[in-house]
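S.K.: Please find entry.pdb (PDB, C-alpha atoms) on the next line:
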```pdb
MODEL        1
ATOM      1  CA  MET H 229     -59.017  23.767   7.061
ATOM      2  CA  SER H 230     -59.786  20.079   7.269
ATOM      3  CA  GLY H 231     -57.221  17.322   7.382
ATOM      4  CA  LEU H 232     -54.225  19.588   7.900
ATOM      5  CA  ALA H 233     -52.449  17.500  10.539
ATOM      6  CA  PRO H 234     -52.281  14.201   8.606
ATOM      7  CA  LEU H 235     -51.397  16.022   5.376
ATOM      8  CA  LEU H 236     -48.625  17.897   7.120
ATOM      9  CA  ARG H 237     -47.263  14.692   8.562
ATOM     10  CA  LYS H 238     -47.298  13.110   5.119
ATOM     11  CA  GLU H 239     -45.493  16.067   3.561
ATOM     12  CA  LEU H 240     -42.836  16.244   6.272
ATOM     13  CA  LEU H 241     -42.271  12.513   6.036
ATOM     14  CA  GLU H 242     -41.934  12.894   2.293
ATOM     15  CA  GLN H 243     -39.300  15.615   2.675
ATOM     16  CA  TRP H 244     -37.320  13.099   4.703
ATOM     17  CA  ARG H 245     -37.962   9.953   2.660
ATOM     18  CA  THR H 246     -37.246  11.541  -0.712
ATOM     19  CA  MET H 247     -33.915  12.659   0.799
ATOM     20  CA  ARG H 248     -34.755  16.303   0.178
ATOM     21  CA  LEU H 249     -34.318  17.414   3.756
ATOM     22  CA  PRO H 250     -31.047  15.539   4.422
ATOM     23  CA  ILE H 251     -29.517  16.533   1.087
ATOM     24  CA  VAL H 252     -30.473  20.199   1.304
ATOM     25  CA  ALA H 253     -29.279  20.279   4.921
ATOM     26  CA  ALA H 254     -25.935  18.756   3.909
ATOM     27  CA  VAL H 255     -25.485  21.224   1.071
ATOM     28  CA  PHE H 256     -26.387  24.176   3.282
ATOM     29  CA  LEU H 257     -23.907  22.956   5.889
ATOM     30  CA  LEU H 258     -21.298  22.829   3.159
ATOM     31  CA  VAL H 259     -22.051  26.452   2.273
ATOM     32  CA  GLY H 260     -22.011  27.400   5.955
ATOM     33  CA  LEU H 261     -18.581  25.865   6.526
ATOM     34  CA  ALA H 262     -17.012  26.971   3.269
ATOM     35  CA  SER H 263     -18.070  30.640   3.452
ATOM     36  CA  PRO H 264     -15.926  31.724   6.443
ATOM     37  CA  LEU H 265     -13.022  29.708   5.042
ATOM     38  CA  LEU H 266     -13.317  31.458   1.691
ATOM     39  CA  ALA H 267     -13.526  34.831   3.389
ATOM     40  CA  ARG H 268     -10.428  34.070   5.435
ATOM     41  CA  PHE H 269      -8.260  32.810   2.601
ATOM     42  CA  THR H 270      -9.416  34.869  -0.389
ATOM     43  CA  PRO H 271      -6.441  37.283  -0.137
ATOM     44  CA  GLU H 272      -4.001  34.390   0.051
ATOM     45  CA  ILE H 273      -5.697  32.529  -2.802
ATOM     46  CA  LEU H 274      -5.553  35.652  -4.964
ATOM     47  CA  LYS H 275      -1.903  36.140  -4.094
ATOM     48  CA  ALA H 276      -1.115  32.529  -4.932
ATOM     49  CA  VAL H 277      -2.948  32.734  -8.252
ATOM     50  CA  GLY H 278      -1.911  36.215  -9.306
ATOM     51  CA  GLY H 279       1.641  36.165  -7.990
ATOM     52  CA  ASP H 280       3.200  39.608  -8.082
ATOM     53  CA  GLN H 281       0.741  40.945 -10.615
ATOM     54  CA  PHE H 282      -1.580  42.046  -7.852
ATOM     55  CA  SER H 283      -0.136  45.266  -6.613
ATOM     56  CA  ILE H 284      -3.288  46.143  -4.658
ATOM     57  CA  VAL H 285      -3.028  45.234  -1.030
ATOM     58  CA  LEU H 286      -6.213  43.505   0.081
ATOM     59  CA  PRO H 287      -7.413  44.449   3.550
ATOM     60  CA  THR H 288      -7.104  41.764   6.216
ATOM     61  CA  PRO H 289     -10.355  39.801   6.235
ATOM     62  CA  THR H 290     -12.604  40.058   9.293
ATOM     63  CA  ALA H 291     -15.641  38.296  10.724
ATOM     64  CA  ALA H 292     -17.729  40.797   8.752
ATOM     65  CA  ASP H 293     -16.290  39.321   5.549
ATOM     66  CA  ALA H 294     -17.225  35.850   6.753
ATOM     67  CA  TRP H 295     -20.820  36.976   7.212
ATOM     68  CA  ALA H 296     -20.829  38.747   3.827
ATOM     69  CA  GLN H 297     -19.607  35.576   2.132
ATOM     70  CA  LEU H 298     -22.226  33.471   3.927
ATOM     71  CA  ALA H 299     -25.058  35.880   3.137
ATOM     72  CA  LYS H 300     -24.055  36.053  -0.523
ATOM     73  CA  ASN H 301     -23.725  32.292  -0.931
ATOM     74  CA  LEU H 302     -26.878  31.417   0.981
ATOM     75  CA  GLY H 303     -28.763  34.215  -0.767
ATOM     76  CA  GLN H 304     -27.971  33.045  -4.275
ATOM     77  CA  PHE H 305     -27.548  29.377  -3.750
ATOM     78  CA  GLY H 306     -30.348  29.088  -1.191
ATOM     79  CA  ALA H 307     -32.734  30.903  -3.511
ATOM     80  CA  LEU H 308     -31.939  28.367  -6.222
ATOM     81  CA  VAL H 309     -32.633  25.516  -3.799
ATOM     82  CA  ALA H 310     -35.885  27.186  -2.679
ATOM     83  CA  VAL H 311     -37.002  27.360  -6.309
ATOM     84  CA  LEU H 312     -36.020  23.721  -6.879
ATOM     85  CA  LEU H 313     -37.923  22.577  -3.805
ATOM     86  CA  ALA H 314     -41.101  24.446  -4.690
ATOM     87  CA  MET H 315     -41.212  24.060  -8.467
ATOM     88  CA  GLY H 316     -42.782  20.623  -8.631
ATOM     89  CA  SER H 317     -44.643  20.619  -5.322
ATOM     90  CA  VAL H 318     -48.138  21.197  -6.695
ATOM     91  CA  ALA H 319     -47.624  21.065 -10.469
ATOM     92  CA  THR H 320     -46.234  17.528 -10.510
ATOM     93  CA  GLU H 321     -49.045  16.191  -8.334
ATOM     94  CA  LYS H 322     -51.624  17.743 -10.629
ATOM     95  CA  GLU H 323     -49.913  16.340 -13.691
ATOM     96  CA  ARG H 324     -49.679  12.849 -12.244
ATOM     97  CA  GLY H 325     -53.216  12.963 -10.905
ATOM     98  CA  THR H 326     -52.141  12.287  -7.318
ATOM     99  CA  ALA H 327     -53.532  15.642  -6.186
ATOM    100  CA  ALA H 328     -57.032  14.619  -7.250
ATOM    101  CA  LEU H 329     -56.553  11.296  -5.508
ATOM    102  CA  ILE H 330     -55.543  12.824  -2.189
ATOM    103  CA  LEU H 331     -58.320  15.386  -2.338
ATOM    104  CA  THR H 332     -60.987  12.673  -2.633
ATOM    105  CA  LYS H 333     -60.155  11.948   1.009
ATOM    106  CA  PRO H 334     -61.579  14.277   3.626
ATOM    107  CA  ALA H 335     -58.900  16.858   3.027
ATOM    108  CA  GLY H 336     -59.462  20.481   2.121
ATOM    109  CA  ARG H 337     -57.637  22.120  -0.733
ATOM    110  CA  ASP H 338     -56.307  24.896   1.481
ATOM    111  CA  ALA H 339     -54.920  22.301   3.881
ATOM    112  CA  PHE H 340     -53.358  20.420   0.947
ATOM    113  CA  LEU H 341     -51.483  23.563  -0.128
ATOM    114  CA  LEU H 342     -50.598  24.726   3.366
ATOM    115  CA  ALA H 343     -49.094  21.355   4.280
ATOM    116  CA  LYS H 344     -46.875  21.511   1.207
ATOM    117  CA  MET H 345     -45.758  25.089   1.819
ATOM    118  CA  VAL H 346     -45.026  24.414   5.497
ATOM    119  CA  ALA H 347     -43.007  21.313   4.572
ATOM    120  CA  ILE H 348     -40.861  23.326   2.141
ATOM    121  CA  ALA H 349     -40.394  26.092   4.717
ATOM    122  CA  THR H 350     -39.397  23.451   7.279
ATOM    123  CA  THR H 351     -36.750  21.938   5.019
ATOM    124  CA  LEU H 352     -35.375  25.414   4.311
ATOM    125  CA  GLY H 353     -35.540  26.323   8.013
ATOM    126  CA  VAL H 354     -33.745  23.244   9.311
ATOM    127  CA  SER H 355     -31.106  23.592   6.601
ATOM    128  CA  THR H 356     -30.593  27.307   7.248
ATOM    129  CA  ALA H 357     -30.201  26.593  10.977
ATOM    130  CA  ILE H 358     -27.566  23.950  10.265
ATOM    131  CA  ALA H 359     -25.740  26.255   7.849
ATOM    132  CA  GLY H 360     -25.823  28.995  10.471
ATOM    133  CA  ALA H 361     -24.432  26.738  13.190
ATOM    134  CA  GLY H 362     -21.575  25.637  10.924
ATOM    135  CA  ALA H 363     -20.797  29.163   9.784
ATOM    136  CA  TRP H 364     -20.855  30.520  13.345
ATOM    137  CA  LEU H 365     -18.451  27.821  14.475
ATOM    138  CA  TYR H 366     -16.002  28.352  11.608
ATOM    139  CA  THR H 367     -16.179  32.114  12.053
ATOM    140  CA  LEU H 368     -15.296  31.581  15.709
ATOM    141  CA  VAL H 369     -12.296  29.431  14.799
ATOM    142  CA  LEU H 370     -11.084  31.592  11.913
ATOM    143  CA  PHE H 371     -11.926  35.066  13.195
ATOM    144  CA  GLU H 372     -13.805  35.878  16.374
ATOM    145  CA  PRO H 373     -17.149  34.953  17.945
ATOM    146  CA  LEU H 374     -20.160  36.783  16.522
ATOM    147  CA  PRO H 375     -22.983  37.689  18.944
ATOM    148  CA  VAL H 376     -25.137  34.560  19.230
ATOM    149  CA  ALA H 377     -28.562  36.203  19.564
ATOM    150  CA  GLY H 378     -27.908  38.593  16.690
ATOM    151  CA  PHE H 379     -26.562  35.801  14.531
ATOM    152  CA  VAL H 380     -29.642  33.647  15.155
ATOM    153  CA  ALA H 381     -31.899  36.587  14.304
ATOM    154  CA  ALA H 382     -29.898  37.209  11.133
ATOM    155  CA  MET H 383     -30.277  33.589  10.066
ATOM    156  CA  LEU H 384     -34.030  33.867  10.658
ATOM    157  CA  LEU H 385     -34.100  36.776   8.204
ATOM    158  CA  GLN H 386     -32.109  34.726   5.688
ATOM    159  CA  TRP H 387     -34.638  31.952   6.077
ATOM    160  CA  LEU H 388     -37.544  34.345   5.581
ATOM    161  CA  ALA H 389     -36.023  35.549   2.316
ATOM    162  CA  LEU H 390     -35.679  31.949   1.103
ATOM    163  CA  VAL H 391     -39.284  31.181   2.061
ATOM    164  CA  ALA H 392     -40.340  34.196  -0.021
ATOM    165  CA  TYR H 393     -38.611  32.785  -3.118
ATOM    166  CA  ALA H 394     -40.181  29.410  -2.423
ATOM    167  CA  ALA H 395     -43.606  31.069  -2.090
ATOM    168  CA  ILE H 396     -43.248  32.802  -5.465
ATOM    169  CA  THR H 397     -42.317  29.519  -7.135
ATOM    170  CA  PHE H 398     -45.054  27.739  -5.185
ATOM    171  CA  LEU H 399     -47.636  30.128  -6.625
ATOM    172  CA  GLY H 400     -46.305  29.319 -10.092
ATOM    173  CA  SER H 401     -46.478  25.621  -9.316
ATOM    174  CA  THR H 402     -50.110  26.014  -8.263
ATOM    175  CA  LEU H 403     -51.141  28.105 -11.260
ATOM    176  CA  THR H 404     -49.614  25.847 -13.903
ATOM    177  CA  ARG H 405     -49.168  22.165 -14.476
ATOM    178  CA  SER H 406     -45.524  22.591 -15.331
ATOM    179  CA  ALA H 407     -42.747  22.477 -12.762
ATOM    180  CA  LEU H 408     -40.452  24.150 -15.272
ATOM    181  CA  ALA H 409     -42.801  27.099 -15.738
ATOM    182  CA  ALA H 410     -42.937  27.452 -11.964
ATOM    183  CA  ALA H 411     -39.151  27.402 -11.786
ATOM    184  CA  GLY H 412     -39.057  30.021 -14.538
ATOM    185  CA  LEU H 413     -41.328  32.265 -12.492
ATOM    186  CA  GLY H 414     -39.156  31.771  -9.409
ATOM    187  CA  VAL H 415     -35.935  32.589 -11.252
ATOM    188  CA  ALA H 416     -37.538  35.576 -12.997
ATOM    189  CA  ALA H 417     -38.749  36.879  -9.636
ATOM    190  CA  PHE H 418     -35.257  36.443  -8.214
ATOM    191  CA  ILE H 419     -33.811  38.574 -11.011
ATOM    192  CA  VAL H 420     -36.564  41.220 -10.889
ATOM    193  CA  LEU H 421     -36.312  41.495  -7.094
ATOM    194  CA  GLY H 422     -32.555  41.817  -7.451
ATOM    195  CA  ILE H 423     -33.011  44.771  -9.803
ATOM    196  CA  LEU H 424     -35.778  46.374  -7.714
ATOM    197  CA  SER H 425     -33.621  46.101  -4.606
ATOM    198  CA  ILE H 426     -31.540  49.011  -5.910
ATOM    199  CA  VAL H 427     -34.561  51.357  -5.644
ATOM    200  CA  PRO H 428     -34.046  52.847  -2.181
ATOM    201  CA  THR H 429     -37.638  53.351  -0.997
ATOM    202  CA  ILE H 430     -39.122  49.991  -1.958
ATOM    203  CA  GLY H 431     -35.873  48.029  -1.953
ATOM    204  CA  ARG H 432     -35.751  47.631   1.789
ATOM    205  CA  TYR H 433     -39.260  46.159   1.929
ATOM    206  CA  LEU H 434     -38.489  43.379  -0.544
ATOM    207  CA  PRO H 435     -37.078  39.985   0.468
ATOM    208  CA  THR H 436     -33.735  41.168  -0.938
ATOM    209  CA  GLY H 437     -33.932  44.085   1.509
ATOM    210  CA  LEU H 438     -33.611  41.677   4.432
ATOM    211  CA  GLY H 439     -29.886  41.496   3.748
ATOM    212  CA  ASP H 440     -28.936  44.812   5.371
ATOM    213  CA  PRO H 441     -30.721  44.296   8.704
ATOM    214  CA  ALA H 442     -29.477  40.692   8.737
ATOM    215  CA  GLN H 443     -25.890  41.859   8.377
ATOM    216  CA  ALA H 444     -26.284  44.456  11.117
ATOM    217  CA  LEU H 445     -27.823  41.865  13.433
ATOM    218  CA  ALA H 446     -25.152  39.272  12.736
ATOM    219  CA  LEU H 447     -22.330  41.721  13.443
ATOM    220  CA  GLY H 448     -24.066  43.196  16.467
ATOM    221  CA  LEU H 449     -24.331  46.703  15.036
ATOM    222  CA  PRO H 450     -26.730  49.066  16.823
ATOM    223  CA  GLY H 451     -29.900  50.687  15.496
ATOM    224  CA  VAL H 452     -31.206  48.014  13.188
ATOM    225  CA  ASP H 453     -34.607  48.567  11.582
ATOM    226  CA  VAL H 454     -35.884  45.023  11.293
ATOM    227  CA  LEU H 455     -39.628  45.365  11.749
ATOM    228  CA  GLY H 456     -40.556  46.987   8.421
ATOM    229  CA  PRO H 457     -38.683  44.578   6.130
ATOM    230  CA  VAL H 458     -39.762  41.529   8.159
ATOM    231  CA  VAL H 459     -43.451  42.452   8.209
ATOM    232  CA  ALA H 460     -43.309  43.245   4.491
ATOM    233  CA  SER H 461     -41.770  39.877   3.621
ATOM    234  CA  ILE H 462     -44.189  37.924   5.823
ATOM    235  CA  ALA H 463     -47.062  39.816   4.192
ATOM    236  CA  LEU H 464     -45.660  38.995   0.755
ATOM    237  CA  VAL H 465     -45.518  35.281   1.584
ATOM    238  CA  ALA H 466     -49.077  35.400   2.974
ATOM    239  CA  VAL H 467     -50.421  37.183  -0.104
ATOM    240  CA  LEU H 468     -48.647  34.797  -2.497
ATOM    241  CA  PHE H 469     -50.049  31.835  -0.603
ATOM    242  CA  GLY H 470     -53.516  33.408  -0.472
ATOM    243  CA  VAL H 471     -53.551  33.908  -4.250
ATOM    244  CA  ALA H 472     -52.363  30.325  -4.744
ATOM    245  CA  ALA H 473     -55.109  29.012  -2.440
ATOM    246  CA  LEU H 474     -57.818  31.042  -4.184
ATOM    247  CA  ALA H 475     -56.688  29.856  -7.610
ATOM    248  CA  PHE H 476     -56.375  26.252  -6.450
ATOM    249  CA  ARG H 477     -59.967  26.230  -5.133
ATOM    250  CA  ARG H 478     -61.282  26.896  -8.640
ATOM    251  CA  GLN H 479     -59.013  24.523 -10.513
ATOM    252  CA  GLU H 480     -60.172  21.331 -12.097
ATOM    253  CA  LEU H 481     -57.791  18.583 -11.089
TER     254      LEU H 481
ATOM    255  CA  MET V  64      -7.670  36.920  13.407
ATOM    256  CA  THR V  65      -5.591  34.004  14.610
ATOM    257  CA  ASP V  66      -2.848  32.478  12.516
ATOM    258  CA  LEU V  67      -3.463  28.892  11.546
ATOM    259  CA  LYS V  68      -1.031  26.066  11.054
ATOM    260  CA  PRO V  69      -1.380  24.028   7.861
ATOM    261  CA  GLU V  70      -2.690  21.015   9.788
ATOM    262  CA  GLN V  71      -5.375  23.197  11.372
ATOM    263  CA  ILE V  72      -6.465  24.383   7.942
ATOM    264  CA  ILE V  73      -6.642  20.782   6.765
ATOM    265  CA  ALA V  74      -8.714  19.885   9.835
ATOM    266  CA  LEU V  75     -11.171  22.621   8.833
ATOM    267  CA  LEU V  76     -11.282  21.370   5.246
ATOM    268  CA  VAL V  77     -11.911  17.720   6.110
ATOM    269  CA  PRO V  78     -15.631  18.105   7.001
ATOM    270  CA  ILE V  79     -16.210  20.020   3.767
ATOM    271  CA  ILE V  80     -14.575  17.328   1.674
ATOM    272  CA  VAL V  81     -16.419  14.561   3.547
ATOM    273  CA  ILE V  82     -19.815  16.211   3.018
ATOM    274  CA  GLN V  83     -19.149  16.838  -0.650
ATOM    275  CA  LEU V  84     -18.006  13.280  -1.307
ATOM    276  CA  GLY V  85     -20.872  11.926   0.802
ATOM    277  CA  LEU V  86     -23.408  13.855  -1.243
ATOM    278  CA  MET V  87     -21.911  12.622  -4.473
ATOM    279  CA  ILE V  88     -21.813   9.009  -3.349
ATOM    280  CA  ALA V  89     -25.367   9.121  -1.951
ATOM    281  CA  ALA V  90     -26.613  10.461  -5.279
ATOM    282  CA  LEU V  91     -24.686   7.907  -7.341
ATOM    283  CA  VAL V  92     -25.850   4.995  -5.153
ATOM    284  CA  ASP V  93     -29.450   6.139  -5.516
ATOM    285  CA  LEU V  94     -28.993   6.552  -9.277
ATOM    286  CA  GLU V  95     -27.606   3.057  -9.708
ATOM    287  CA  ARG V  96     -30.669   1.350  -8.263
ATOM    288  CA  SER V  97     -32.148  -0.689 -11.080
ATOM    289  CA  GLU V  98     -35.723   0.448 -10.452
ATOM    290  CA  ARG V  99     -34.735   4.120 -10.518
ATOM    291  CA  ARG V 100     -36.133   6.104 -13.436
ATOM    292  CA  VAL V 101     -34.701   9.526 -14.183
ATOM    293  CA  ARG V 102     -35.858  12.642 -15.961
ATOM    294  CA  GLY V 103     -34.770  12.521 -19.582
ATOM    295  CA  GLY V 104     -34.167   8.794 -19.353
ATOM    296  CA  SER V 105     -30.366   8.828 -19.392
ATOM    297  CA  LYS V 106     -28.618   7.760 -16.212
ATOM    298  CA  LEU V 107     -25.240   8.549 -17.736
ATOM    299  CA  VAL V 108     -26.173  12.209 -18.126
ATOM    300  CA  TRP V 109     -27.264  12.357 -14.485
ATOM    301  CA  ALA V 110     -24.095  10.609 -13.340
ATOM    302  CA  LEU V 111     -22.086  13.315 -15.147
ATOM    303  CA  VAL V 112     -24.206  16.037 -13.552
ATOM    304  CA  ILE V 113     -23.695  14.525 -10.092
ATOM    305  CA  VAL V 114     -19.941  14.171 -10.479
ATOM    306  CA  PHE V 115     -19.025  17.297 -12.420
ATOM    307  CA  VAL V 116     -21.534  19.928 -11.349
ATOM    308  CA  ASN V 117     -20.065  20.878  -8.009
ATOM    309  CA  ILE V 118     -22.353  20.997  -4.958
ATOM    310  CA  VAL V 119     -25.464  21.684  -7.031
ATOM    311  CA  GLY V 120     -25.181  18.419  -9.000
ATOM    312  CA  PRO V 121     -26.377  16.009  -6.284
ATOM    313  CA  ILE V 122     -29.101  18.436  -5.179
ATOM    314  CA  LEU V 123     -30.374  18.802  -8.745
ATOM    315  CA  TYR V 124     -30.513  15.051  -8.993
ATOM    316  CA  PHE V 125     -32.364  14.480  -5.724
ATOM    317  CA  VAL V 126     -34.859  17.287  -6.184
ATOM    318  CA  ALA V 127     -35.454  17.338  -9.921
ATOM    319  CA  GLY V 128     -33.735  14.373 -11.525
ATOM    320  CA  ARG V 129     -35.650  11.413 -10.201
ATOM    321  CA  GLU V 130     -39.032  10.284 -11.369
ATOM    322  CA  GLU V 131     -41.124   8.676  -8.727
ATOM    323  CA  ALA V 132     -42.062   5.088  -9.426
TER     324      ALA V 132
ENDMDL
END
```
Give the structure from the file, written as structure tokens.
M.R.:
Amino acid sequence: MSGLAPLLRKELLEQWRTMRLPIVAAVFLLVGLASPLLARFTPEILKAVGGDQFSIVLPTPTAADAWAQLAKNLGQFGALVAVLLAMGSVATEKERGTAALILTKPAGRDAFLLAKMVAIATTLGVSTAIAGAGAWLYTLVLFEPLPVAGFVAAMLLQWLALVAYAAITFLGSTLTRSALAAAGLGVAAFIVLGILSIVPTIGRYLPTGLGDPAQALALGLPGVDVLGPVVASIALVAVLFGVAALAFRRQEL
Amino acid sequence: MTDLKPEQIIALLVPIIVIQLGLMIAALVDLERSERRVRGGSKLVWALVIVFVNIVGPILYFVAGREEA
């Protein structure tokens, strides 16, 4: 894997200079702060909007609701951002001819791809960490403190799920020359995985299946089976990247 | 669950509002640069996206809307 270090530095610098990292981090922080607030005030908002028409008494929200809100928002919204980040990463460079230009330097194709994937995962990771910190803090203020270690582990699982969506889109971006086609693949995968997640036996080994152990970890519930889903998702990312690398080796740029 | 006074709720909302406005302004400032070229060619369309598509608007612009010079 030749030339990985300079390529990685270039990609990370690009995440910063193109404003991707700061913007995604800011948006994730927004989601992190808003989720516990929404969880806390949903009953009151509904009461204010619906007046007396709501005869159902909503249960008093808890820290568990704050986590559920965060997981839902980061899951959907974060997946969209992951797709957006990955869609053009390889396709646009092929289309513009910059990929061919970079690869005339002593840089391997595998290293070229790996640097890009790691840069995307880094942006998602930093942003997820910031969202988690904000959400933990607001949950503390609005409800009660969640266990720190469990919460960190839960955010790691959230991140892994986002990296999986990015990896699917990244494969699409490598296979085609069109960022839009790659985005289409990413969104389609998001929908298909969402449907497959209902199937009990395979559902828990999909990236969508990381949600249950993440919730248990965040709330400090005992007896969480994390290993299976985590290994499965890491394997999925590795396989997706491997296929992308194999295809990219044979492509004419 | 602790009860919150209205001013405490506002204090919790301020960072959210600041970030959202900051994102919007950062995107609009970047869009207004004369050398900036955007996907589709119309800056007006992107300005509308940034202002009216909540939260996602600025991110769409920064990630997908700009064309590198």
S.K.: Can you turn the PyMOL selection byres ((chain V) within 12 of (chain H)) into a concrete residue list for this file, as a PDB file with C-alpha atoms, in the coordinates of the input?
M.R.:
```
ATOM      1  CA  MET V  64      -7.670  36.920  13.407  1.00  0.00           C
ATOM      2  CA  THR V  65      -5.591  34.004  14.610  1.00  0.00           C
ATOM      3  CA  ASP V  66      -2.848  32.478  12.516  1.00  0.00           C
ATOM      4  CA  LEU V  67      -3.463  28.892  11.546  1.00  0.00           C
ATOM      5  CA  LYS V  68      -1.031  26.066  11.054  1.00  0.00           C
ATOM      6  CA  GLN V  71      -5.375  23.197  11.372  1.00  0.00           C
ATOM      7  CA  ILE V  72      -6.465  24.383   7.942  1.00  0.00           C
ATOM      8  CA  ILE V  73      -6.642  20.782   6.765  1.00  0.00           C
ATOM      9  CA  ALA V  74      -8.714  19.885   9.835  1.00  0.00           C
ATOM     10  CA  LEU V  75     -11.171  22.621   8.833  1.00  0.00           C
ATOM     11  CA  LEU V  76     -11.282  21.370   5.246  1.00  0.00           C
ATOM     12  CA  VAL V  77     -11.911  17.720   6.110  1.00  0.00           C
ATOM     13  CA  PRO V  78     -15.631  18.105   7.001  1.00  0.00           C
ATOM     14  CA  ILE V  79     -16.210  20.020   3.767  1.00  0.00           C
ATOM     15  CA  ILE V  80     -14.575  17.328   1.674  1.00  0.00           C
ATOM     16  CA  VAL V  81     -16.419  14.561   3.547  1.00  0.00           C
ATOM     17  CA  ILE V  82     -19.815  16.211   3.018  1.00  0.00           C
ATOM     18  CA  GLN V  83     -19.149  16.838  -0.650  1.00  0.00           C
ATOM     19  CA  LEU V  84     -18.006  13.280  -1.307  1.00  0.00           C
ATOM     20  CA  GLY V  85     -20.872  11.926   0.802  1.00  0.00           C
ATOM     21  CA  LEU V  86     -23.408  13.855  -1.243  1.00  0.00           C
ATOM     22  CA  MET V  87     -21.911  12.622  -4.473  1.00  0.00           C
ATOM     23  CA  ILE V  88     -21.813   9.009  -3.349  1.00  0.00           C
ATOM     24  CA  ALA V  89     -25.367   9.121  -1.951  1.00  0.00           C
ATOM     25  CA  ALA V  90     -26.613  10.461  -5.279  1.00  0.00           C
ATOM     26  CA  ASP V  93     -29.450   6.139  -5.516  1.00  0.00           C
ATOM     27  CA  ASN V 117     -20.065  20.878  -8.009  1.00  0.00           C
ATOM     28  CA  ILE V 118     -22.353  20.997  -4.958  1.00  0.00           C
ATOM     29  CA  VAL V 119     -25.464  21.684  -7.031  1.00  0.00           C
ATOM     30  CA  GLY V 120     -25.181  18.419  -9.000  1.00  0.00           C
ATOM     31  CA  PRO V 121     -26.377  16.009  -6.284  1.00  0.00           C
ATOM     32  CA  ILE V 122     -29.101  18.436  -5.179  1.00  0.00           C
ATOM     33  CA  LEU V 123     -30.374  18.802  -8.745  1.00  0.00           C
ATOM     34  CA  TYR V 124     -30.513  15.051  -8.993  1.00  0.00           C
ATOM     35  CA  PHE V 125     -32.364  14.480  -5.724  1.00  0.00           C
ATOM     36  CA  VAL V 126     -34.859  17.287  -6.184  1.00  0.00           C
ATOM     37  CA  ALA V 127     -35.454  17.338  -9.921  1.00  0.00           C
ATOM     38  CA  GLY V 128     -33.735  14.373 -11.525  1.00  0.00           C
ATOM     39  CA  ARG V 129     -35.650  11.413 -10.201  1.00  0.00           C
ATOM     40  CA  GLU V 130     -39.032  10.284 -11.369  1.00  0.00           C
ATOM     41  CA  GLU V 131     -41.124   8.676  -8.727  1.00  0.00           C
ATOM     42  CA  ALA V 132     -42.062   5.088  -9.426  1.00  0.00           C
TER      43      ALA V 132
END
```
S.K.: Evaluated on this file, the PyMOL selection byres ((chain H and resi 429-442) around 9) picks out some residues - which ones are they, written as a ChimeraX atom specification?
M.R.: /H:299,303,378-379,381-386,388-390,392-393,418,421-428,443-447,452-454,456-461,464
S.K.: Which residues fall under the PyMOL selection byres ((chain H and resi 236-241) around 9) in this file, as a PyMOL selection string?
M.R.: chain H and resi 231-235+242-246+249+339-340+342-344+346-348+350-351
S.K.: Could you check which of H:Thr356, H:Thr397, H:Thr332, H:Ser230 is closest to Leu481 in chain H, using all atoms listed in the file?
M.R.: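 Between H:Thr356, H:Thr397, H:Thr332, H:Ser230, the residue approaching Leu481 in chain H most closely is H:Thr332.
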S.K.: What does the structure give for the distance between CA of Ser401 in chain H and CA of Val318 in chain H, in Å to one decimal?
M.R.: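 Those two atoms sit 5.4 Å apart.
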